[in-house]
Amino acid sequence: MEDVKIQDPSPSALVKLRNAEWSRAPKSGINDQADYWEKYLLGRGQLEIGFDVMAETQEYQEFMKKQIELLEIHSGELIGDLGSGTGLFNQMLLNTERQRRLFRSSNGRCPKILTVDFVNSALEKSKLRLSHIAAQHYINENSFEFTSANLEVSRLKPIWRFLNGEYFSLIKLKGKIEGLPDYSVDLWAKDYSEFLHETLRGKNLTSKDVRRLHKEFSHGEAEIILDMNRAARFVLRKLVVEDFKDPRQFRYFLEGSYLNHLKVDTSSLRFEKLNFRKSTLNFSIPFQDGQFDKILSSIVLSYLFNPQESLQEFYRMLKPGGRLVVSTFRPDVDMSRVYTRLIQQVENDPDYVTPNGMAREDFLNAVRSFANSAAFLLHLEEEGHFRFFSRAELKGLLEAAGFEIINLYDSFGYPPQAYIAACSK
Ligand SMILES: C[S@@+](CC[C@H](N)C(=O)[O-])C[C@H]1O[C@@H](n2cnc3c(N)ncnc32)[C@H](O)[C@@H]1O
């Protein structure tokens with residue numbers, strides 16, 4: 001009998017498949033992403049410690065240690081911790097005397113760490129944590145800065161790319177706009193007409209055009225096309241008063257007889273089916289070209305709507321030769337073992353030192369409560385809100401963003417629950 005050679009599907013085929021699944025999945029809707037993260041990171045009640053439960057698990061400690069090792073931080077470098085959560089990277093970074101020495105150098109050549117998240121209260125917690133550690137170990141606090149920023153690129157960017165002719169086919173729009181079903185894109189591709197082409201590309205529509213759309217498409221499909229037209233006209237800076245939910249908002253952004261499109265965001269506009277969240281015409285994450293020597297984004301990519309666009313921005317923000325370390329939970333992640341182990345460890349060790357001197361029972365309850373919210377997170381993954389990536393998908397995303405020398409590592413316990421990638425610009 002002949003041996004059959006099993007071949008892995010190509011990374012791009014896998015990404016395509018995931019995109020298709022993502023756009024098909026029913027969504028229960030997270031209205032305010034930062035608000036959702038705030039509850040997850042900080043916990044809901046007085047006696048909850050939220051994400052800091054992670055820091056207590058051996059699996060997380062090993063995982064973060066590996067990421068720190070892969071960053072290879074040297075004097076004088078600027079490191080971005082993007083999507084920093086409650087600042088556990090800083091804490092683990094200053095865990096060893098060898099690393100602490102780096103942050104005490106007196107010649108002003110300490111590395112600098114820029115801690116970035118869009119949850120302000122988590123940043124506050126990170127700052128406080130750092131201050132304590134700095135005071136305890138004589139660390140130069142000025143080496144650490146904290147800033148609030150959204151790591152998602154404006155959701156209008158794919159529309160901009162489409163209008164710029166960067167997508168060689170309509171199919172490229174799939175999975176890139178929230179609320180746009182693959183089915184609609186297939187429908188357009190099948191019966192593509194000059195009228196549809198112009199409409200999707202921001203034609204100023206007359207009432208006759210709108211009637212024609214409703215005649216040629218079902219009500220729902222016509223609404224999707226009208227939303228696409230509105231988004232395209234925003235990008236082309238051709239909005240009119242009827243595009244706004246409230247005409248007062250239109251007047252607010254008027255400067256003389258011109259609408260200042262740069263001040264408008266999509267949350268003021270009427271979108272029936274598509275969701276662009278709060279997107280503006282600013283298509284960059286707010287950091288400069290080549291600003292960072294190294295970037296860490298630990299378990300963040302999966303939560304960004306369009307990780308590809310964010311990765312391209314990370315690439316832009318890195319110096320030539322700069323290094324990126326990113327990680328993701330694996331698609332079928334199961335954290336129950338990790339939390340059960342921690343609970344057993346606390347229960348069996350009478351000398352277990354709880355964080356912040358918490359009562360044992362309170363700490364155990366906090367772990368159980370966090371395990372529940374983490375299980376909810378997995379439910380959201382199943383629903384298609386988030387996408388945990390396989391090794392091949394992660395590699396495919398990094399390659400597509402231009403990164404080179406991509407090395408992948410299994411991490412987070414046995415069996416490993418996460419993948420880490422280290423690569424270069
Ligand atoms: C699972 S936590 C990881 C925290 C930290 N990197 C760690 O490994 O301990 C994901 C983090 O990403 C942040 N995040 C998610 N979406 C974001 C966005 N659009 N902009 C900035 N931060 C975001 C969340 O606020 C949260 O702090």
# chains A, B, ... in the order shown; residues from 1 in each chain; ligands from 1
>>> residues_near_ligand(ligand="ligand 1", cutoff="6 Å", atoms="only C-alpha atoms and all ligand atoms", output="PyMOL selection string")
chain A and resi 37+83-85+88+117-119+149-152+297-300+303-304
>>> write_last_selection(atoms="N, CA and C atoms", output="PDB file, in the first residue's frame")
ATOM      1  N   TRP A  37     -14.066  44.720  29.423  1.00  0.00           N
ATOM      2  CA  TRP A  37     -12.728  44.350  29.881  1.00  0.00           C
ATOM      3  C   TRP A  37     -12.475  44.823  31.304  1.00  0.00           C
ATOM      4  N   GLY A  83      -1.748  46.269  25.456  1.00  0.00           N
ATOM      5  CA  GLY A  83      -2.844  45.454  25.999  1.00  0.00           C
ATOM      6  C   GLY A  83      -2.370  44.871  27.312  1.00  0.00           C
ATOM      7  N   SER A  84      -1.937  45.784  28.208  1.00  0.00           N
ATOM      8  CA  SER A  84      -1.153  45.393  29.390  1.00  0.00           C
ATOM      9  C   SER A  84      -1.975  44.816  30.534  1.00  0.00           C
ATOM     10  N   GLY A  85      -3.310  44.946  30.471  1.00  0.00           N
ATOM     11  CA  GLY A  85      -4.143  44.430  31.557  1.00  0.00           C
ATOM     12  C   GLY A  85      -3.812  45.111  32.868  1.00  0.00           C
ATOM     13  N   LEU A  88       0.788  42.864  34.842  1.00  0.00           N
ATOM     14  CA  LEU A  88       1.514  41.687  35.359  1.00  0.00           C
ATOM     15  C   LEU A  88       2.873  41.513  34.678  1.00  0.00           C
ATOM     16  N   ASP A 117      -3.051  50.266  27.519  1.00  0.00           N
ATOM     17  CA  ASP A 117      -4.309  49.527  27.505  1.00  0.00           C
ATOM     18  C   ASP A 117      -5.424  50.543  27.266  1.00  0.00           C
ATOM     19  N   PHE A 118      -6.633  50.067  26.954  1.00  0.00           N
ATOM     20  CA  PHE A 118      -7.738  51.029  26.819  1.00  0.00           C
ATOM     21  C   PHE A 118      -8.647  51.037  28.049  1.00  0.00           C
ATOM     22  N   VAL A 119      -8.283  50.271  29.088  1.00  0.00           N
ATOM     23  CA  VAL A 119      -9.055  50.301  30.332  1.00  0.00           C
ATOM     24  C   VAL A 119      -8.279  51.147  31.346  1.00  0.00           C
ATOM     25  N   ALA A 149      -4.710  53.788  25.211  1.00  0.00           N
ATOM     26  CA  ALA A 149      -4.886  53.841  23.750  1.00  0.00           C
ATOM     27  C   ALA A 149      -5.672  52.621  23.296  1.00  0.00           C
ATOM     28  N   ASN A 150      -6.420  52.818  22.215  1.00  0.00           N
ATOM     29  CA  ASN A 150      -7.137  51.703  21.610  1.00  0.00           C
ATOM     30  C   ASN A 150      -6.228  51.041  20.580  1.00  0.00           C
ATOM     31  N   LEU A 151      -6.074  49.742  20.682  1.00  0.00           N
ATOM     32  CA  LEU A 151      -5.177  49.015  19.773  1.00  0.00           C
ATOM     33  C   LEU A 151      -5.886  48.554  18.511  1.00  0.00           C
ATOM     34  N   GLU A 152      -7.179  48.840  18.452  1.00  0.00           N
ATOM     35  CA  GLU A 152      -7.902  48.492  17.229  1.00  0.00           C
ATOM     36  C   GLU A 152      -7.761  49.631  16.239  1.00  0.00           C
ATOM     37  N   SER A 297       2.692  41.867  23.036  1.00  0.00           N
ATOM     38  CA  SER A 297       1.235  41.966  23.110  1.00  0.00           C
ATOM     39  C   SER A 297       0.757  40.579  23.540  1.00  0.00           C
ATOM     40  N   SER A 298       0.611  40.453  24.858  1.00  0.00           N
ATOM     41  CA  SER A 298       0.387  39.137  25.455  1.00  0.00           C
ATOM     42  C   SER A 298      -1.109  38.841  25.590  1.00  0.00           C
ATOM     43  N   ILE A 299      -1.544  37.826  24.893  1.00  0.00           N
ATOM     44  CA  ILE A 299      -2.965  37.404  24.834  1.00  0.00           C
ATOM     45  C   ILE A 299      -3.895  38.585  24.566  1.00  0.00           C
ATOM     46  N   VAL A 300      -3.620  39.291  23.507  1.00  0.00           N
ATOM     47  CA  VAL A 300      -4.450  40.454  23.152  1.00  0.00           C
ATOM     48  C   VAL A 300      -5.032  40.324  21.739  1.00  0.00           C
ATOM     49  N   TYR A 303      -8.522  39.359  20.716  1.00  0.00           N
ATOM     50  CA  TYR A 303      -9.669  40.165  21.135  1.00  0.00           C
ATOM     51  C   TYR A 303      -9.860  41.391  20.255  1.00  0.00           C
ATOM     52  N   LEU A 304      -8.965  41.576  19.297  1.00  0.00           N
ATOM     53  CA  LEU A 304      -9.085  42.740  18.413  1.00  0.00           C
ATOM     54  C   LEU A 304      -9.892  42.313  17.186  1.00  0.00           C
TER      55      LEU A 304
END
>>> residues_around(residues="segment 70-81 of chain A", least_positions_apart="2", cutoff="6 Å", atoms="only C-alpha atoms", output="JSON, numbers by chain")
{"A": [67, 68, 84, 109, 110, 111, 112, 113, 114, 115, 116, 292, 293, 294, 295, 296, 297]}
>>> closest_residue(among="A:Ser184, A:Ser105, A:Ser424, A:Gln136", to="Ile405 of chain A", atoms="only C-alpha atoms")
A:Ser424
>>> residues_around(residues="segment 51-60 of chain A", least_positions_apart="6", cutoff="9 Å", atoms="only C-alpha atoms", output="number ranges by chain")
A: 40-43, 85-86, 88, 92, 338-339, 341-342, 354-355, 363, 366-367, 370-371, 411-414, 416
>>> select_by_dssp(residues="segment 57-256 of chain A", states="strand (DSSP E)", output="list of chain:residue names")
A:Leu78, A:Ile79, A:Gly80, A:Asp81, A:Leu82, A:Lys112, A:Ile113, A:Leu114, A:Thr115, A:Val116, A:Asp117, A:Phe144, A:Glu145, A:Phe146, A:Thr147, A:Ser148, A:Leu254, A:Glu255
>>> atom_distance(atom1="atom CA of Gly45 of chain A", atom2="atom CA of Leu378 of chain A")
21.4 Å
>>> closest_residue(among="A:Arg233, A:Glu313, A:Glu223, A:Leu269", to="Arg248 of chain A", atoms="only C-alpha atoms")
A:Leu269
>>> select_by_dssp(residues="segment 162-405 of chain A", states="helix (DSSP H, G or I)", output="MDAnalysis selection string")
chainID A and resid 162:163 170:173 182:190 194:200 207:216 219:235 241:243 247:252 261:263 266:268 301:303 307:317 336:348 355:357 360:383 391:400
>>> closest_residue(among="A:Gln417, A:Ser268, A:Ser193, A:Asn407", to="Asp334 of chain A", atoms="only C-alpha atoms")
A:Gln417
>>> closest_atom_pairs(of="segment 210-299 of chain A", to="segment 165-181 of chain A", cutoff="9 Å", atoms="only C-alpha atoms", output="tab-separated table")
residue	atom	partner	partner_atom	distance
A:Ile224	CA	A:Leu180	CA	7.3
A:Lys273	CA	A:Gly179	CA	5.9
A:Leu274	CA	A:Gly179	CA	4.6
A:Asn275	CA	A:Glu178	CA	5.3
A:Phe276	CA	A:Glu178	CA	6.9
A:Arg277	CA	A:Glu178	CA	8.9
>>> atom_distance(atom1="atom CA of Asn229 of chain A", atom2="atom CA of Leu281 of chain A")
15.6 Å
>>> closest_residue(among="A:Val333, A:Leu187, A:Val241, A:Leu163", to="Leu254 of chain A", atoms="only C-alpha atoms")
A:Val241
>>> residues_around(residues="Phe250 of chain A", least_positions_apart="6", cutoff="8 Å", atoms="only C-alpha atoms", output="PyMOL selection string")
chain A and resi 240-241+244+259
>>> write_last_selection(atoms="C-alpha atoms", output="compact mmCIF listing (two decimals), in the first residue's frame")
# COMPACT_ATOMS: atom_id res chain seq x y z
CA VAL A 240 -24.63 64.94 4.37
CA VAL A 241 -27.04 65.84 7.15
CA PHE A 244 -26.46 61.66 10.99
CA LEU A 259 -18.24 69.51 7.55
